[in-house]
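Participant: My structure file upload-v3.cif, mmCIF, C-alpha atoms, is below:
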```cif
data_target
loop_
_atom_site.label_atom_id
_atom_site.label_comp_id
_atom_site.auth_asym_id
_atom_site.auth_seq_id
_atom_site.Cartn_x
_atom_site.Cartn_y
_atom_site.Cartn_z
CA MET K 926 0.00 0.00 0.00
CA SER K 927 2.88 2.32 0.73
CA ALA K 928 4.57 4.06 -2.14
CA PRO K 929 7.32 6.67 -2.35
CA LYS K 930 6.70 10.09 -3.73
CA SER K 931 7.28 9.82 -7.46
CA THR K 932 8.55 12.19 -10.09
CA PRO K 933 6.22 13.07 -12.99
CA SER K 934 8.00 10.66 -15.35
CA GLN K 935 7.94 7.87 -12.78
CA SER K 936 4.26 8.56 -12.08
CA SER K 937 3.44 8.47 -15.79
CA THR K 938 5.17 5.12 -16.13
CA ALA K 939 3.28 3.83 -13.12
CA GLN K 940 -0.01 4.96 -14.65
CA ASN K 941 0.63 3.07 -17.88
CA ARG K 942 1.66 -0.02 -15.95
CA VAL K 943 -1.44 -0.03 -13.75
CA ARG K 944 -3.73 0.38 -16.73
CA SER K 945 -2.57 -2.96 -18.11
CA ALA K 946 -1.97 -4.80 -14.83
CA GLU K 947 -4.04 -6.11 -11.95
CA LEU K 948 -5.96 -3.64 -9.84
CA PRO K 949 -3.92 -2.06 -6.99
CA VAL K 950 -6.35 -3.41 -4.40
CA ALA K 951 -4.46 -2.29 -1.26
CA TRP K 952 -4.20 1.26 -2.60
CA ILE K 953 -7.91 1.31 -3.47
CA LEU K 954 -8.87 0.06 0.01
CA MET K 955 -6.76 2.83 1.54
CA LEU K 956 -8.63 5.38 -0.59
CA GLY K 957 -11.86 3.88 0.72
CA LEU K 958 -10.72 4.54 4.27
CA ILE K 959 -10.11 8.19 3.40
CA VAL K 960 -13.54 8.53 1.79
CA ALA K 961 -15.22 6.79 4.74
CA VAL K 962 -14.89 9.97 6.78
CA GLY K 963 -17.89 11.30 4.86
CA PRO K 964 -20.43 8.54 5.60
CA LEU K 965 -19.12 8.29 9.16
CA SER K 966 -19.80 11.99 9.67
CA ILE K 967 -23.32 11.65 8.26
CA ASP K 968 -24.43 8.39 9.88
CA MET K 969 -22.66 8.08 13.21
CA TYR K 970 -24.49 10.89 14.98
CA LEU K 971 -28.00 10.07 13.67
CA PRO K 972 -28.95 7.98 16.76
CA ALA K 973 -27.90 10.96 18.88
CA LEU K 974 -30.33 13.44 17.29
CA PRO K 975 -33.04 13.01 19.97
CA ALA K 976 -30.43 13.37 22.74
CA MET K 977 -28.95 16.41 21.02
CA ALA K 978 -32.42 17.92 20.68
CA ASP K 979 -32.92 17.50 24.44
CA SER K 980 -29.51 19.02 25.11
CA PHE K 981 -30.30 22.10 23.02
CA ASP K 982 -33.95 22.13 24.16
CA VAL K 983 -35.31 22.05 20.59
CA PRO K 984 -37.42 19.50 18.65
CA THR K 985 -35.68 16.57 16.97
CA ALA K 986 -36.89 17.78 13.56
CA PHE K 987 -35.10 21.10 14.17
CA ILE K 988 -31.75 19.58 15.16
CA ALA K 989 -32.07 17.26 12.14
CA ASN K 990 -31.45 20.37 10.03
CA SER K 991 -27.79 19.75 10.83
CA VAL K 992 -27.96 17.01 8.15
CA PRO K 993 -28.80 19.34 5.22
CA ALA K 994 -26.39 21.89 6.74
CA TYR K 995 -23.70 19.24 6.22
CA PHE K 996 -24.88 18.70 2.63
CA VAL K 997 -24.51 22.42 1.89
CA GLY K 998 -20.83 22.20 2.81
CA LEU K 999 -20.42 19.11 0.62
CA VAL K 1000 -21.88 20.87 -2.42
CA PHE K 1001 -19.69 23.97 -2.31
CA GLY K 1002 -16.58 22.27 -0.97
CA GLN K 1003 -16.42 19.78 -3.80
CA LEU K 1004 -16.81 22.52 -6.40
CA PHE K 1005 -13.68 24.15 -4.95
CA TYR K 1006 -11.53 21.04 -4.52
CA GLY K 1007 -12.23 19.74 -8.03
CA PRO K 1008 -10.49 22.47 -10.07
CA PHE K 1009 -7.95 23.02 -7.28
CA SER K 1010 -6.83 19.38 -7.43
CA ASP K 1011 -6.70 19.48 -11.25
CA ARG K 1012 -4.30 22.43 -10.97
CA VAL K 1013 -2.01 21.51 -8.02
CA GLY K 1014 -2.36 17.72 -7.84
CA ARG K 1015 -4.22 15.40 -5.51
CA VAL K 1016 -2.06 15.50 -2.36
CA LYS K 1017 -2.19 19.16 -1.25
CA PRO K 1018 -6.01 19.38 -1.22
CA LEU K 1019 -6.16 16.32 1.04
CA TYR K 1020 -3.95 18.00 3.62
CA ILE K 1021 -6.03 21.19 3.54
CA GLY K 1022 -9.41 19.47 3.69
CA MET K 1023 -8.57 16.99 6.44
CA THR K 1024 -7.05 19.72 8.62
CA LEU K 1025 -10.23 21.77 8.23
CA TYR K 1026 -12.30 18.69 9.07
CA VAL K 1027 -10.45 18.08 12.34
CA ILE K 1028 -10.91 21.71 13.43
CA ALA K 1029 -14.63 21.64 12.57
CA SER K 1030 -15.15 18.36 14.44
CA VAL K 1031 -13.66 19.91 17.57
CA ILE K 1032 -16.04 22.88 17.20
CA CYS K 1033 -19.03 20.49 17.01
CA ALA K 1034 -17.76 18.55 20.01
CA THR K 1035 -17.42 21.61 22.24
CA THR K 1036 -20.42 23.77 21.31
CA ASN K 1037 -23.54 24.29 23.41
CA ASN K 1038 -25.33 26.36 20.77
CA GLU K 1039 -27.39 24.73 18.02
CA TYR K 1040 -26.53 27.40 15.43
CA VAL K 1041 -22.82 26.99 16.09
CA LEU K 1042 -23.41 23.27 15.61
CA PHE K 1043 -25.01 23.92 12.20
CA ALA K 1044 -22.07 26.12 11.20
CA GLY K 1045 -19.63 23.52 12.50
CA ARG K 1046 -21.35 20.79 10.50
CA THR K 1047 -21.12 22.87 7.32
CA LEU K 1048 -17.45 23.54 8.00
CA GLN K 1049 -16.93 19.84 8.75
CA ALA K 1050 -18.39 18.96 5.35
CA LEU K 1051 -16.20 21.53 3.62
CA GLY K 1052 -13.24 19.54 4.89
CA ALA K 1053 -14.59 15.99 4.55
CA CYS K 1054 -15.65 16.30 0.92
CA VAL K 1055 -12.05 16.53 -0.26
CA GLY K 1056 -11.69 12.78 0.23
CA ALA K 1057 -14.44 11.86 -2.23
CA VAL K 1058 -13.28 14.35 -4.87
CA VAL K 1059 -9.60 13.48 -4.76
CA THR K 1060 -9.95 9.72 -4.52
CA ARG K 1061 -12.38 9.49 -7.45
CA ALA K 1062 -10.05 11.66 -9.52
CA ALA K 1063 -6.97 9.67 -8.46
CA ILE K 1064 -8.63 6.45 -9.56
CA ARG K 1065 -9.49 8.04 -12.90
CA ASP K 1066 -5.85 9.15 -13.21
CA ARG K 1067 -4.59 5.60 -12.98
CA LEU K 1068 -7.26 3.20 -14.23
CA THR K 1069 -9.36 2.42 -17.30
CA ALA K 1070 -13.17 2.78 -17.32
CA LYS K 1071 -13.85 -0.90 -16.58
CA GLN K 1072 -11.12 -0.94 -13.90
CA THR K 1073 -12.67 2.22 -12.44
CA ALA K 1074 -16.07 0.54 -12.05
CA LYS K 1075 -14.37 -2.38 -10.30
CA ALA K 1076 -12.27 -0.04 -8.15
CA PHE K 1077 -15.34 1.80 -6.84
CA SER K 1078 -16.91 -1.56 -6.03
CA ILE K 1079 -13.79 -2.51 -4.03
CA MET K 1080 -13.80 0.83 -2.21
CA VAL K 1081 -17.29 0.11 -0.97
CA LEU K 1082 -15.87 -2.76 1.09
CA VAL K 1083 -14.47 0.02 3.27
CA ILE K 1084 -16.94 2.83 2.63
CA GLY K 1085 -19.88 0.46 3.10
CA LEU K 1086 -18.72 -0.42 6.60
CA ALA K 1087 -19.40 3.17 7.67
CA PRO K 1088 -23.21 3.10 7.36
CA ILE K 1089 -23.19 -0.48 8.69
CA LEU K 1090 -21.17 0.29 11.81
CA ALA K 1091 -21.56 4.05 12.30
CA PRO K 1092 -25.11 4.21 13.77
CA SER K 1093 -24.40 1.26 16.09
CA LEU K 1094 -21.09 2.81 17.08
CA GLY K 1095 -22.84 6.10 17.74
CA ALA K 1096 -25.44 4.32 19.88
CA LEU K 1097 -22.62 2.60 21.78
CA PHE K 1098 -20.96 5.94 22.51
CA LEU K 1099 -24.31 7.24 23.81
CA ARG K 1100 -24.53 4.38 26.29
CA PHE K 1101 -21.36 5.48 28.06
CA PHE K 1102 -20.76 9.11 27.07
CA SER K 1103 -22.59 12.22 25.89
CA TRP K 1104 -23.24 12.99 22.23
CA HIS K 1105 -20.14 15.24 22.25
CA SER K 1106 -17.93 12.14 22.29
CA ILE K 1107 -19.09 11.21 18.78
CA PHE K 1108 -17.53 14.36 17.36
CA TRP K 1109 -14.31 13.78 19.32
CA PHE K 1110 -14.12 10.38 17.65
CA LEU K 1111 -14.64 11.97 14.22
CA ALA K 1112 -11.83 14.45 14.94
CA ALA K 1113 -9.52 11.51 15.69
CA PHE K 1114 -10.57 9.80 12.45
CA GLY K 1115 -9.66 12.98 10.58
CA LEU K 1116 -6.19 12.85 12.13
CA LEU K 1117 -5.90 9.24 10.93
CA ASN K 1118 -6.64 10.40 7.40
CA LEU K 1119 -3.85 12.95 7.63
CA VAL K 1120 -1.46 10.14 8.59
CA LEU K 1121 -2.65 7.99 5.68
CA THR K 1122 -2.15 10.89 3.29
CA LYS K 1123 1.36 11.50 4.57
CA PHE K 1124 2.63 7.94 4.33
CA PHE K 1125 0.49 6.09 1.77
CA PHE K 1126 -1.07 8.50 -0.73
CA PHE K 1127 1.25 9.27 -3.64
CA GLU K 1128 0.64 11.84 -6.37
CA THR K 1129 -1.30 10.47 -9.35
CA LEU K 1130 -1.68 13.58 -11.49
CA THR K 1131 1.42 14.22 -13.61
CA GLU K 1132 2.55 17.74 -14.46
CA GLU K 1133 1.67 17.34 -18.14
CA ASN K 1134 -1.91 16.33 -17.30
CA ARG K 1135 -2.66 19.25 -14.98
CA ASN K 1136 -5.22 21.86 -15.94
CA VAL K 1137 -3.34 25.09 -16.60
CA ARG K 1138 -6.29 27.14 -17.85
CA PRO K 1139 -6.79 30.39 -15.88
CA ALA K 1140 -8.68 30.08 -12.61
CA LYS K 1141 -11.20 32.68 -13.82
CA GLU K 1142 -12.40 30.14 -16.36
CA VAL K 1143 -13.54 27.67 -13.70
CA LEU K 1144 -17.24 28.47 -14.14
CA SER K 1145 -17.03 28.15 -17.91
CA GLN K 1146 -15.26 24.80 -17.52
CA TYR K 1147 -18.02 23.55 -15.24
CA TRP K 1148 -20.55 24.73 -17.81
CA ASP K 1149 -18.67 22.86 -20.54
CA LEU K 1150 -18.87 19.73 -18.40
CA LEU K 1151 -22.60 20.10 -17.94
CA LYS K 1152 -23.03 20.36 -21.72
CA ASP K 1153 -20.96 17.22 -22.36
CA PRO K 1154 -23.39 14.30 -22.95
CA THR K 1155 -20.72 11.75 -21.97
CA PHE K 1156 -20.76 13.37 -18.52
CA ASN K 1157 -24.10 15.04 -17.88
CA TYR K 1158 -26.53 12.13 -18.24
CA PRO K 1159 -24.64 9.62 -16.06
CA ALA K 1160 -23.56 12.27 -13.55
CA ILE K 1161 -26.93 14.00 -13.11
CA GLY K 1162 -28.89 10.76 -13.39
CA GLY K 1163 -26.64 9.08 -10.85
CA GLY K 1164 -26.90 12.20 -8.71
CA PHE K 1165 -30.69 11.91 -8.52
CA LEU K 1166 -30.46 8.21 -7.63
CA MET K 1167 -27.84 8.77 -4.93
CA GLY K 1168 -29.42 11.98 -3.70
CA ALA K 1169 -32.59 10.08 -2.83
CA MET K 1170 -30.54 8.10 -0.31
CA PHE K 1171 -29.54 11.32 1.44
CA VAL K 1172 -33.22 12.20 1.66
CA TYR K 1173 -33.73 8.90 3.48
CA ILE K 1174 -30.86 9.75 5.82
CA SER K 1175 -32.51 13.10 6.64
CA ALA K 1176 -35.88 11.47 7.30
CA ALA K 1177 -34.74 8.24 8.97
CA SER K 1178 -34.71 9.42 12.59
CA GLU K 1179 -38.21 10.91 12.41
CA LEU K 1180 -39.63 7.96 10.46
CA LEU K 1181 -38.13 5.08 12.41
CA MET K 1182 -37.52 6.44 15.90
CA ASP K 1183 -40.41 8.91 16.29
CA THR K 1184 -43.11 7.28 14.12
CA TYR K 1185 -42.38 3.59 14.74
CA GLY K 1186 -40.67 3.93 18.14
CA ILE K 1187 -37.47 2.16 17.06
CA SER K 1188 -34.71 2.30 19.70
CA SER K 1189 -31.32 3.78 18.89
CA THR K 1190 -29.79 0.28 18.92
CA HIS K 1191 -32.36 -1.17 16.51
CA PHE K 1192 -32.05 1.97 14.40
CA GLY K 1193 -28.39 1.13 13.92
CA TRP K 1194 -29.25 -2.44 12.92
CA ILE K 1195 -31.72 -1.24 10.30
CA PHE K 1196 -29.17 1.18 8.87
CA GLY K 1197 -26.64 -1.61 8.81
CA MET K 1198 -29.02 -3.95 7.00
CA ASN K 1199 -29.45 -1.44 4.18
CA ALA K 1200 -25.72 -0.90 3.96
CA VAL K 1201 -25.11 -4.67 3.76
CA GLY K 1202 -27.36 -4.82 0.70
CA PHE K 1203 -25.49 -1.90 -0.85
CA VAL K 1204 -22.10 -3.51 -0.22
CA ALA K 1205 -23.25 -6.92 -1.48
CA LEU K 1206 -24.45 -5.53 -4.80
CA THR K 1207 -21.29 -3.50 -5.33
CA GLN K 1208 -19.23 -6.66 -4.90
CA LEU K 1209 -21.52 -8.52 -7.28
CA ASN K 1210 -21.03 -5.62 -9.67
CA GLN K 1211 -17.31 -6.48 -9.92
CA TRP K 1212 -18.19 -9.88 -11.35
CA LEU K 1213 -21.04 -8.59 -13.50
CA THR K 1214 -18.81 -6.05 -15.27
CA ASN K 1215 -16.86 -8.99 -16.73
CA HIS K 1216 -20.03 -10.35 -18.36
CA TYR K 1217 -22.31 -7.37 -19.05
CA ARG K 1218 -21.97 -3.81 -20.30
CA ILE K 1219 -21.59 -1.16 -17.61
CA LEU K 1220 -24.52 0.80 -19.05
CA SER K 1221 -26.80 -2.25 -18.90
CA LEU K 1222 -25.97 -2.78 -15.23
CA LEU K 1223 -26.57 0.91 -14.52
CA ARG K 1224 -30.01 0.79 -16.13
CA PHE K 1225 -31.02 -2.39 -14.29
CA GLY K 1226 -30.03 -0.85 -10.95
CA ALA K 1227 -31.98 2.32 -11.73
CA LEU K 1228 -35.11 0.28 -12.48
CA MET K 1229 -34.69 -1.59 -9.19
CA GLN K 1230 -34.56 1.67 -7.25
CA VAL K 1231 -37.55 3.22 -9.01
CA THR K 1232 -39.67 0.12 -8.47
CA ALA K 1233 -38.82 0.00 -4.75
CA SER K 1234 -39.53 3.71 -4.25
CA ALA K 1235 -42.88 3.26 -6.04
CA GLY K 1236 -43.73 0.52 -3.52
CA LEU K 1237 -42.92 2.87 -0.62
CA PHE K 1238 -45.03 5.60 -2.24
CA ILE K 1239 -48.02 3.23 -2.58
CA LEU K 1240 -47.68 2.08 1.05
CA GLY K 1241 -47.67 5.66 2.31
CA LEU K 1242 -50.59 6.62 0.09
CA THR K 1243 -52.67 3.60 1.09
CA PHE K 1244 -51.85 2.97 4.75
CA GLY K 1245 -49.85 6.01 5.89
CA SER K 1246 -48.18 5.66 9.29
CA ASP K 1247 -50.10 2.43 9.82
CA SER K 1248 -48.07 0.77 7.05
CA TRP K 1249 -46.63 -2.56 8.12
CA LEU K 1250 -43.05 -1.76 9.15
CA PRO K 1251 -41.44 -4.84 7.49
CA LEU K 1252 -42.86 -3.80 4.08
CA VAL K 1253 -41.60 -0.25 4.58
CA LEU K 1254 -38.14 -1.58 5.44
CA ILE K 1255 -38.13 -3.93 2.42
CA CYS K 1256 -38.88 -1.05 0.04
CA ILE K 1257 -36.17 1.09 1.63
CA PHE K 1258 -33.75 -1.86 1.47
CA PHE K 1259 -34.08 -2.20 -2.31
CA CYS K 1260 -33.93 1.57 -2.81
CA ILE K 1261 -30.56 1.68 -1.04
CA SER K 1262 -29.21 -1.67 -2.27
CA GLY K 1263 -29.78 -0.65 -5.89
CA LEU K 1264 -27.08 1.96 -5.42
CA GLY K 1265 -24.60 -0.90 -5.53
CA LEU K 1266 -25.28 -1.18 -9.26
CA THR K 1267 -25.95 2.46 -10.11
CA GLN K 1268 -23.20 4.38 -8.31
CA PRO K 1269 -19.97 2.62 -9.39
CA ASN K 1270 -21.20 2.33 -12.98
CA ALA K 1271 -22.58 5.88 -13.25
CA THR K 1272 -19.31 7.24 -11.86
CA ALA K 1273 -17.20 5.14 -14.23
CA ILE K 1274 -19.16 6.38 -17.27
CA ALA K 1275 -19.20 10.02 -16.11
CA LEU K 1276 -15.42 10.16 -15.57
CA ALA K 1277 -14.35 7.96 -18.48
CA PHE K 1278 -13.75 10.77 -20.98
CA GLN K 1279 -12.58 13.46 -18.51
CA LYS K 1280 -8.80 13.11 -18.53
CA ARG K 1281 -7.60 16.68 -17.85
CA ARG K 1282 -10.59 17.68 -15.79
CA ALA K 1283 -11.15 14.51 -13.78
CA GLY K 1284 -11.05 16.48 -10.53
CA MET K 1285 -13.67 18.94 -11.75
CA ALA K 1286 -15.84 16.13 -13.07
CA SER K 1287 -15.55 14.24 -9.78
CA ALA K 1288 -16.40 17.41 -7.84
CA LEU K 1289 -19.37 18.33 -9.99
CA GLN K 1290 -20.77 14.82 -9.83
CA GLY K 1291 -20.50 14.78 -6.04
CA SER K 1292 -22.02 18.25 -5.73
CA LEU K 1293 -24.94 17.20 -7.88
CA MET K 1294 -25.64 14.27 -5.55
CA PHE K 1295 -25.77 16.42 -2.45
CA SER K 1296 -27.67 19.21 -4.21
CA VAL K 1297 -30.37 16.63 -4.85
CA GLY K 1298 -30.16 15.70 -1.16
CA ILE K 1299 -30.76 19.33 -0.17
CA PHE K 1300 -33.57 19.70 -2.72
CA GLY K 1301 -35.13 16.48 -1.46
CA GLY K 1302 -34.90 17.72 2.12
CA VAL K 1303 -36.86 20.81 1.10
CA LEU K 1304 -39.45 18.61 -0.63
CA LEU K 1305 -39.80 16.52 2.53
CA ASN K 1306 -40.84 19.60 4.50
CA LEU K 1307 -43.27 20.75 1.80
CA PHE K 1308 -45.51 17.68 2.03
CA PRO K 1309 -47.87 17.94 5.07
CA VAL K 1310 -48.49 14.19 4.99
CA ASN K 1311 -47.55 11.13 7.03
CA PRO K 1312 -43.80 10.29 7.23
CA VAL K 1313 -44.10 7.14 5.09
CA LEU K 1314 -45.83 8.94 2.22
CA LYS K 1315 -43.54 11.94 2.63
CA LEU K 1316 -40.44 9.78 2.15
CA GLY K 1317 -42.06 7.60 -0.53
CA VAL K 1318 -43.20 10.40 -2.81
CA THR K 1319 -39.89 12.28 -2.48
CA MET K 1320 -37.74 9.24 -3.26
CA PHE K 1321 -40.03 8.17 -6.12
CA VAL K 1322 -39.85 11.59 -7.80
CA LEU K 1323 -36.07 11.80 -7.50
CA MET K 1324 -35.39 8.22 -8.58
CA SER K 1325 -37.77 8.50 -11.54
CA LEU K 1326 -35.92 11.58 -12.77
CA GLY K 1327 -32.62 9.76 -12.35
CA CYS K 1328 -33.86 6.73 -14.26
CA LEU K 1329 -35.10 8.89 -17.15
CA LEU K 1330 -31.69 10.55 -17.46
CA ILE K 1331 -29.87 7.22 -17.33
CA TRP K 1332 -31.95 6.09 -20.29
CA ARG K 1333 -30.74 9.14 -22.24
CA ILE K 1334 -27.13 7.90 -22.22
CA ASP K 1335 -26.04 6.86 -25.70
CA ARG K 1336 -26.32 3.07 -25.71
CA ASN K 1337 -23.54 2.96 -28.35
CA LEU K 1338 -21.08 4.83 -26.14
CA ASN K 1339 -17.77 2.95 -26.31
CA LEU K 1340 -15.87 3.29 -23.05
CA ASP K 1341 -12.85 1.60 -24.61
CA ASP K 1342 -12.31 4.83 -26.58
CA ALA K 1343 -11.67 6.75 -23.34
CA GLU K 1344 -8.03 7.69 -22.75
#
```
Here is a file; write its structure as structure tokens.

Facilitator:
Amino acid sequence: MSAPKSTPSQSSTAQNRVRSAELPVAWILMLGLIVAVGPLSIDMYLPALPAMADSFDVPTAFIANSVPAYFVGLVFGQLFYGPFSDRVGRVKPLYIGMTLYVIASVICATTNNEYVLFAGRTLQALGACVGAVVTRAAIRDRLTAKQTAKAFSIMVLVIGLAPILAPSLGALFLRFFSWHSIFWFLAAFGLLNLVLTKFFFFETLTEENRNVRPAKEVLSQYWDLLKDPTFNYPAIGGGFLMGAMFVYISAASELLMDTYGISSTHFGWIFGMNAVGFVALTQLNQWLTNHYRILSLLRFGALMQVTASAGLFILGLTFGSDSWLPLVLICIFFCISGLGLTQPNATAIALAFQKRRAGMASALQGSLMFSVGIFGGVLLNLFPVNPVLKLGVTMFVLMSLGCLLIWRIDRNLNLDDAE
């Protein structure tokens, strides 16, 4: 997993070698550990929301606004780190972002004011999002499109552990400590990422492949990306599909703990069950990419998610809060599990043709996902209906839009033509 800092010529040689060799699995798993700071930050404190609401003397629904506050930081942070990493390389942004993340986590751990918490969560996201941007771009720097799809599936072995373990770990912390301890743990995890960056993350972007266009052209470059059909349909479509999951994250505490009376421990188990399905399908995706086209797998996963969200919508419309909990959980399970087929494949297609702007493409794709999450959170609050229907209609609308865009991708697109 360790590698020395390489010169541009050495790095270029390494890139060519990796593109024709076996996947660098240890390196990919390490990248997954860096990215895991994001899902840990989102999921680990969810069981603590009722306790935090009591601490701040506000309703749980109000303190849950710290979730979309985190998404706001993810949107704007990624848009900065993308072009920055294309210009200066992948290593420096990681140092900056992880340092900011540690500072923000300490702010969240020590505050007694809910608005400072919201600001701290936004600042925390501004630091955490660097991991997702840089690692996706680094993989694109080194691997082919098919290898990229497999690499993202491997990363989920690490990333997927976060939503499996994080809520249960958060509930465990609450048994012995206050909710503040969760943010102290996240600060320590940020320090671990700084250590990993120092000793195991080598530069993947060679000097000749860096984006030297003037910084004032950043907005026009993002606009060019949005007009590129090889990027926009998989990125925006995948963003809608993934963004619906963040809507579920925002609504989960109210739906499961307040409506159905689920304990914080059982809440963690339910979250873990969904994550297990997600991880399982991403690992299956590695094998499937050897036998089926990436686009075909992406479309199948999108259909799975739309169908499951339609089931949740019908349950909420028909039975409301009296819906049988196991059926609700089954629908949610397939909504989340389907991401195992849609996310690695949508990302691989979106980045395949973005050699010199892989960082920007990675950033824009990530920002689109969390923008959908914010938009979905607004939609949730607009529907004065029962929690099951509220979540069902929001996820169905978002996933239907994503599926429609996925079907707009050129079925004759040849990923082997990507550099």

Participant: If we count only C-alpha atoms, what is near K:Pro1139 at a cut-off of 12 Å, once residues fewer than 3 positions away on the same chain are taken out, given as a ChimeraX atom specification?

Facilitator: /K:1008-1009,1011-1012,1135-1136,1142-1146

Participant: Could those residues be written to a file, using C-alpha atoms, as an mmCIF file, in the coordinates of the input?

Facilitator:
```
data_model
loop_
_atom_site.group_PDB
_atom_site.id
_atom_site.type_symbol
_atom_site.label_atom_id
_atom_site.label_comp_id
_atom_site.auth_asym_id
_atom_site.auth_seq_id
_atom_site.Cartn_x
_atom_site.Cartn_y
_atom_site.Cartn_z
ATOM 1 C CA PRO K 1008 -10.490 22.470 -10.070
ATOM 2 C CA PHE K 1009 -7.950 23.020 -7.280
ATOM 3 C CA ASP K 1011 -6.700 19.480 -11.250
ATOM 4 C CA ARG K 1012 -4.300 22.430 -10.970
ATOM 5 C CA ARG K 1135 -2.660 19.250 -14.980
ATOM 6 C CA ASN K 1136 -5.220 21.860 -15.940
ATOM 7 C CA GLU K 1142 -12.400 30.140 -16.360
ATOM 8 C CA VAL K 1143 -13.540 27.670 -13.700
ATOM 9 C CA LEU K 1144 -17.240 28.470 -14.140
ATOM 10 C CA SER K 1145 -17.030 28.150 -17.910
ATOM 11 C CA GLN K 1146 -15.260 24.800 -17.520
#
```

Participant: What do you get, as a VMD selection string, if you spell out every residue that the PyMOL selection byres ((chain K and resi 1195) around 12) selects here?

Facilitator: chain K and resid 972 1088 to 1093 1174 1177 to 1178 1181 to 1182 1187 to 1194 1196 to 1202 1250 to 1251 1253 to 1255 1257 to 1258 1261

Participant: Evaluated on this file, the PyMOL selection byres ((chain K and resi 1167) around 10) picks out some residues - which ones are they, written as a PyMOL selection string?

Facilitator: chain K and resi 1161-1166+1168-1172+1260-1261+1263-1264+1267-1268+1291+1293-1295+1297-1298+1323-1324+1327

Participant: Using only C-alpha atoms, please write the residues we just selected to a file, as a PDB file, in the coordinates of the input.

Facilitator:
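Saved file part-v4.pdb follows:
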```pdb
ATOM      1  CA  ILE K1161     -26.930  14.000 -13.110  1.00  0.00           C
ATOM      2  CA  GLY K1162     -28.890  10.760 -13.390  1.00  0.00           C
ATOM      3  CA  GLY K1163     -26.640   9.080 -10.850  1.00  0.00           C
ATOM      4  CA  GLY K1164     -26.900  12.200  -8.710  1.00  0.00           C
ATOM      5  CA  PHE K1165     -30.690  11.910  -8.520  1.00  0.00           C
ATOM      6  CA  LEU K1166     -30.460   8.210  -7.630  1.00  0.00           C
ATOM      7  CA  GLY K1168     -29.420  11.980  -3.700  1.00  0.00           C
ATOM      8  CA  ALA K1169     -32.590  10.080  -2.830  1.00  0.00           C
ATOM      9  CA  MET K1170     -30.540   8.100  -0.310  1.00  0.00           C
ATOM     10  CA  PHE K1171     -29.540  11.320   1.440  1.00  0.00           C
ATOM     11  CA  VAL K1172     -33.220  12.200   1.660  1.00  0.00           C
ATOM     12  CA  CYS K1260     -33.930   1.570  -2.810  1.00  0.00           C
ATOM     13  CA  ILE K1261     -30.560   1.680  -1.040  1.00  0.00           C
ATOM     14  CA  GLY K1263     -29.780  -0.650  -5.890  1.00  0.00           C
ATOM     15  CA  LEU K1264     -27.080   1.960  -5.420  1.00  0.00           C
ATOM     16  CA  THR K1267     -25.950   2.460 -10.110  1.00  0.00           C
ATOM     17  CA  GLN K1268     -23.200   4.380  -8.310  1.00  0.00           C
ATOM     18  CA  GLY K1291     -20.500  14.780  -6.040  1.00  0.00           C
ATOM     19  CA  LEU K1293     -24.940  17.200  -7.880  1.00  0.00           C
ATOM     20  CA  MET K1294     -25.640  14.270  -5.550  1.00  0.00           C
ATOM     21  CA  PHE K1295     -25.770  16.420  -2.450  1.00  0.00           C
ATOM     22  CA  VAL K1297     -30.370  16.630  -4.850  1.00  0.00           C
ATOM     23  CA  GLY K1298     -30.160  15.700  -1.160  1.00  0.00           C
ATOM     24  CA  LEU K1323     -36.070  11.800  -7.500  1.00  0.00           C
ATOM     25  CA  MET K1324     -35.390   8.220  -8.580  1.00  0.00           C
ATOM     26  CA  GLY K1327     -32.620   9.760 -12.350  1.00  0.00           C
TER      27      GLY K1327
END
```

Participant: May I have a table of the residues of stretch 1183-1268 of chain K lying at most 12 Å from stretch 1313-1317 of chain K, giving each one's closest pair of atoms and their distance in Å to one decimal, counting all atoms listed in the file, ordered by chain and ascending residue number, as a Markdown table?

Facilitator:
```
| residue | atom | partner | partner_atom | distance |
| --- | --- | --- | --- | --- |
| K:Asp1183 | CA | K:Val1313 | CA | 11.9 |
| K:Thr1184 | CA | K:Val1313 | CA | 9.1 |
| K:Tyr1185 | CA | K:Val1313 | CA | 10.4 |
| K:Gln1230 | CA | K:Gly1317 | CA | 11.7 |
| K:Val1231 | CA | K:Gly1317 | CA | 10.6 |
| K:Thr1232 | CA | K:Gly1317 | CA | 11.2 |
| K:Ala1233 | CA | K:Gly1317 | CA | 9.3 |
| K:Ser1234 | CA | K:Gly1317 | CA | 5.9 |
| K:Ala1235 | CA | K:Gly1317 | CA | 7.1 |
| K:Gly1236 | CA | K:Gly1317 | CA | 7.9 |
| K:Leu1237 | CA | K:Gly1317 | CA | 4.8 |
| K:Phe1238 | CA | K:Gly1317 | CA | 4.0 |
| K:Ile1239 | CA | K:Gly1317 | CA | 7.7 |
| K:Leu1240 | CA | K:Leu1314 | CA | 7.2 |
| K:Gly1241 | CA | K:Leu1314 | CA | 3.8 |
| K:Leu1242 | CA | K:Leu1314 | CA | 5.7 |
| K:Thr1243 | CA | K:Leu1314 | CA | 8.8 |
| K:Phe1244 | CA | K:Val1313 | CA | 8.8 |
| K:Gly1245 | CA | K:Val1313 | CA | 5.9 |
| K:Ser1246 | CA | K:Val1313 | CA | 6.0 |
| K:Asp1247 | CA | K:Val1313 | CA | 9.0 |
| K:Ser1248 | CA | K:Val1313 | CA | 7.8 |
| K:Trp1249 | CA | K:Val1313 | CA | 10.5 |
| K:Leu1250 | CA | K:Val1313 | CA | 9.8 |
| K:Leu1252 | CA | K:Val1313 | CA | 11.1 |
| K:Val1253 | CA | K:Val1313 | CA | 7.8 |
| K:Leu1254 | CA | K:Val1313 | CA | 10.6 |
| K:Cys1256 | CA | K:Gly1317 | CA | 9.2 |
| K:Ile1257 | CA | K:Gly1317 | CA | 9.0 |
| K:Cys1260 | CA | K:Gly1317 | CA | 10.4 |
```
